Amino acid sequence: MSETSRIVVLPGDGIGPEIVGATKEVLDAIGSFEYTEHLIGGASIDEHGVALTDEVVEACRQSDAVLLGAVGGPKWDEAVANDPTAPRPEQGLLGIRKELGLFANLRPVKPFPALIESSPLKRDRIEGTDLLVVRELTGGIYFGDSGRRDDNGGTAYDECAYSVPEIERITRVAFEAARQRAFGRDAGPRVTSVDKANVLESSRLWRETVKVVAEDYSDVELDHMLVDNTAMQLVSRPADFDVIVTENLFGDILSDEGAMLTGSLGMLPSASTGAEGEPGLFEPVHGSAPDIAGTGSANPLATMLSAAMMLRYGLGNGESADRIESAVDGVLASGLRTPDLFSGAEGESKVGTEEVAAAVLAQLSR
């Protein structure tokens, strides 16, 4: 990581500015960063008439990493409902992913000990879970040819196509992530490749290609699993997984299933990365929560954890990432809870955004 990393900050809409602001305080407590802030999503639509401007795209390309808050809200949804051609905030997020070539989405699933009772699974099922879903982000059925035909009363079709290079590059991301996660752990690195090779030709090519790439990673254990079986195993034995790599549609579904295992969607970070040396995009999984924007009650912890992913995967600073994650863990263990996490259990204290940020900073100073 360079002495002063250049971070483009895209606060976005709703609670975005609040949670990003709190996260910048945490980043400043652990290192030196140069920030440039820009509009995206609904805020950009209001100012520029589009959800993403060329200026913002160029700024992101010149950065070391991009930190995003959240986009969207009912104000712009209503505009689209009245005029389907109106710009949508989500176009900003999709646009920046495309312009930066972000083909890999990394989403960790690791319940915090203090929140483990929030999981819909029993404690003995969820304890020890620490997995990473690596989802291919720019190919497959979401980006294939689609349309409708006037036959048989009307027919719709969506093509799922993958090339060998597309499969190779996402597979390498997964194997490299498995190697990185193995440092300091008792178990060796392991990748589970998920497909539907018993039915789909695209999945058969996927499995064949993954096997070839795996030959370059003899230290990483590889197994293959059908997507329907994976969905079942995620709720029956989630702690047995390390890194899951899969195509766009399957990854979309499985990463959301994995997220709900923790029982706290507001705590989940994510990263979208592209070619080596290019800036990645780091953002919380949750939405913009416009109903609580400005109330001081937003939960900034997922954004702070996204910043930790930025440090680890985008800026090569795993030590600082560990510090942020440990600080968040310490705050939760102390019983502090923003309203979305507060259950009223003994030992819990309901606090707001500023209080949580201050508590994380206090943990970092120890």
# chains A, B, ... in the order shown; residues from 1 in each chain; ligands from 1
$ closest_atom_pairs --of "region 229-284 of chain A" --to "region 148-171 of chain A" --cutoff "12 Å" --atoms "only C-alpha atoms" --output "Markdown table"
| residue | atom | partner | partner_atom | distance |
| --- | --- | --- | --- | --- |
| A:Val243 | CA | A:Thr171 | CA | 10.6 |
| A:Ile244 | CA | A:Thr171 | CA | 9.9 |
| A:Val245 | CA | A:Thr171 | CA | 6.8 |
| A:Thr246 | CA | A:Ile170 | CA | 8.4 |
| A:Glu247 | CA | A:Ile167 | CA | 8.3 |
| A:Asn248 | CA | A:Cys160 | CA | 9.6 |
| A:Leu249 | CA | A:Cys160 | CA | 9.2 |
| A:Phe250 | CA | A:Cys160 | CA | 11.6 |
| A:Gly251 | CA | A:Ile170 | CA | 11.9 |
| A:Ser272 | CA | A:Ile170 | CA | 11.5 |
| A:Thr273 | CA | A:Ile170 | CA | 10.0 |
| A:Gly274 | CA | A:Arg169 | CA | 9.3 |
| A:Ala275 | CA | A:Arg169 | CA | 8.7 |
| A:Glu276 | CA | A:Arg169 | CA | 10.5 |
$ closest_atom_pairs --of "region 63-144 of chain A" --to "region 42-59 of chain A" --cutoff "9 Å" --atoms "only C-alpha atoms" --output "tab-separated table"
residue	atom	partner	partner_atom	distance
A:Ser63	CA	A:Ala59	CA	6.4
A:Val71	CA	A:Gly42	CA	6.6
A:Gly72	CA	A:Gly42	CA	6.0
A:Gly73	CA	A:Gly42	CA	7.5
A:Lys75	CA	A:Gly42	CA	8.4
A:Trp76	CA	A:Gly42	CA	6.7
A:Pro87	CA	A:Val50	CA	6.1
A:Arg88	CA	A:Ala51	CA	6.6
A:Pro89	CA	A:Gly42	CA	4.7
A:Glu90	CA	A:Ala51	CA	7.5
A:Gln91	CA	A:Ala51	CA	5.9
A:Gly92	CA	A:Ala51	CA	4.6
A:Leu93	CA	A:Leu52	CA	8.1
A:Gly95	CA	A:Leu52	CA	7.0
A:Ile96	CA	A:Val57	CA	6.6
A:Glu99	CA	A:Val57	CA	7.0
A:Leu100	CA	A:Val57	CA	7.9
$ write_last_selection --atoms "N, CA and C atoms" --output "PDB file, in the first residue's frame"
ATOM      1  N   SER A  63      -8.095   6.450  -8.907  1.00  0.00           N
ATOM      2  CA  SER A  63      -7.959   6.227  -7.469  1.00  0.00           C
ATOM      3  C   SER A  63      -7.299   4.888  -7.168  1.00  0.00           C
ATOM      4  N   VAL A  71     -27.230   3.707  -2.548  1.00  0.00           N
ATOM      5  CA  VAL A  71     -27.975   4.514  -3.522  1.00  0.00           C
ATOM      6  C   VAL A  71     -29.443   4.109  -3.528  1.00  0.00           C
ATOM      7  N   GLY A  72     -30.290   5.051  -3.957  1.00  0.00           N
ATOM      8  CA  GLY A  72     -31.699   4.754  -4.149  1.00  0.00           C
ATOM      9  C   GLY A  72     -32.606   5.394  -3.116  1.00  0.00           C
ATOM     10  N   GLY A  73     -33.899   5.320  -3.403  1.00  0.00           N
ATOM     11  CA  GLY A  73     -34.897   5.870  -2.487  1.00  0.00           C
ATOM     12  C   GLY A  73     -36.227   6.069  -3.193  1.00  0.00           C
ATOM     13  N   LYS A  75     -38.110   8.586  -3.616  1.00  0.00           N
ATOM     14  CA  LYS A  75     -38.232   9.808  -4.425  1.00  0.00           C
ATOM     15  C   LYS A  75     -37.971   9.503  -5.894  1.00  0.00           C
ATOM     16  N   TRP A  76     -36.925   8.772  -6.176  1.00  0.00           N
ATOM     17  CA  TRP A  76     -36.553   8.467  -7.554  1.00  0.00           C
ATOM     18  C   TRP A  76     -37.359   7.290  -8.097  1.00  0.00           C
ATOM     19  N   PRO A  87     -34.038   8.580 -15.194  1.00  0.00           N
ATOM     20  CA  PRO A  87     -32.847   7.908 -14.666  1.00  0.00           C
ATOM     21  C   PRO A  87     -33.108   7.281 -13.302  1.00  0.00           C
ATOM     22  N   ARG A  88     -32.486   6.153 -13.055  1.00  0.00           N
ATOM     23  CA  ARG A  88     -32.619   5.441 -11.795  1.00  0.00           C
ATOM     24  C   ARG A  88     -31.298   5.502 -11.021  1.00  0.00           C
ATOM     25  N   PRO A  89     -31.343   5.672  -9.707  1.00  0.00           N
ATOM     26  CA  PRO A  89     -30.105   5.715  -8.914  1.00  0.00           C
ATOM     27  C   PRO A  89     -29.230   4.485  -9.097  1.00  0.00           C
ATOM     28  N   GLU A  90     -29.873   3.317  -9.248  1.00  0.00           N
ATOM     29  CA  GLU A  90     -29.124   2.078  -9.382  1.00  0.00           C
ATOM     30  C   GLU A  90     -28.253   2.056 -10.640  1.00  0.00           C
ATOM     31  N   GLN A  91     -28.593   2.883 -11.615  1.00  0.00           N
ATOM     32  CA  GLN A  91     -27.762   2.969 -12.821  1.00  0.00           C
ATOM     33  C   GLN A  91     -26.352   3.455 -12.488  1.00  0.00           C
ATOM     34  N   GLY A  92     -26.239   4.223 -11.445  1.00  0.00           N
ATOM     35  CA  GLY A  92     -24.918   4.692 -11.023  1.00  0.00           C
ATOM     36  C   GLY A  92     -24.059   3.551 -10.524  1.00  0.00           C
ATOM     37  N   LEU A  93     -24.643   2.667  -9.726  1.00  0.00           N
ATOM     38  CA  LEU A  93     -23.903   1.527  -9.194  1.00  0.00           C
ATOM     39  C   LEU A  93     -23.533   0.552 -10.302  1.00  0.00           C
ATOM     40  N   GLY A  95     -23.322   1.201 -13.419  1.00  0.00           N
ATOM     41  CA  GLY A  95     -22.421   1.877 -14.336  1.00  0.00           C
ATOM     42  C   GLY A  95     -20.986   1.875 -13.857  1.00  0.00           C
ATOM     43  N   ILE A  96     -20.779   2.131 -12.574  1.00  0.00           N
ATOM     44  CA  ILE A  96     -19.413   2.190 -12.071  1.00  0.00           C
ATOM     45  C   ILE A  96     -18.783   0.802 -12.063  1.00  0.00           C
ATOM     46  N   GLU A  99     -17.805   0.295 -15.780  1.00  0.00           N
ATOM     47  CA  GLU A  99     -16.707   1.150 -16.236  1.00  0.00           C
ATOM     48  C   GLU A  99     -15.375   0.751 -15.613  1.00  0.00           C
ATOM     49  N   LEU A 100     -15.404   0.227 -14.386  1.00  0.00           N
ATOM     50  CA  LEU A 100     -14.165  -0.179 -13.733  1.00  0.00           C
ATOM     51  C   LEU A 100     -13.819  -1.641 -14.000  1.00  0.00           C
TER      52      LEU A 100
END
$ residues_around --residues "Ser255 (chain A)" --least-positions-apart "4" --cutoff "7 Å" --atoms "only C-alpha atoms" --output "JSON, numbers by chain"
{"A": [107, 133, 251, 259]}
$ closest_residue --among "A:Asn229, A:Gln62, A:Ser236, A:Ser193" --to "Glu127 (chain A)" --atoms "only C-alpha atoms"
A:Ser236
$ closest_residue --among "A:Ile292, A:Met260, A:Leu305, A:Ala321" --to "Thr23 (chain A)" --atoms "only C-alpha atoms"
A:Leu305
$ atom_distance --atom1 "CA of Glu283 (chain A)" --atom2 "CA of Ala307 (chain A)"
7.8 Å
$ atom_distance --atom1 "CA of Arg125 (chain A)" --atom2 "CA of Arg237 (chain A)"
6.2 Å
$ closest_residue --among "A:Ser203, A:Leu115, A:Met304, A:Leu131" --to "Arg181 (chain A)" --atoms "only C-alpha atoms"
A:Leu131
$ closest_residue --among "A:Gly352, A:Gly31, A:Gly41, A:Pro339" --to "Leu364 (chain A)" --atoms "only C-alpha atoms"
A:Gly31
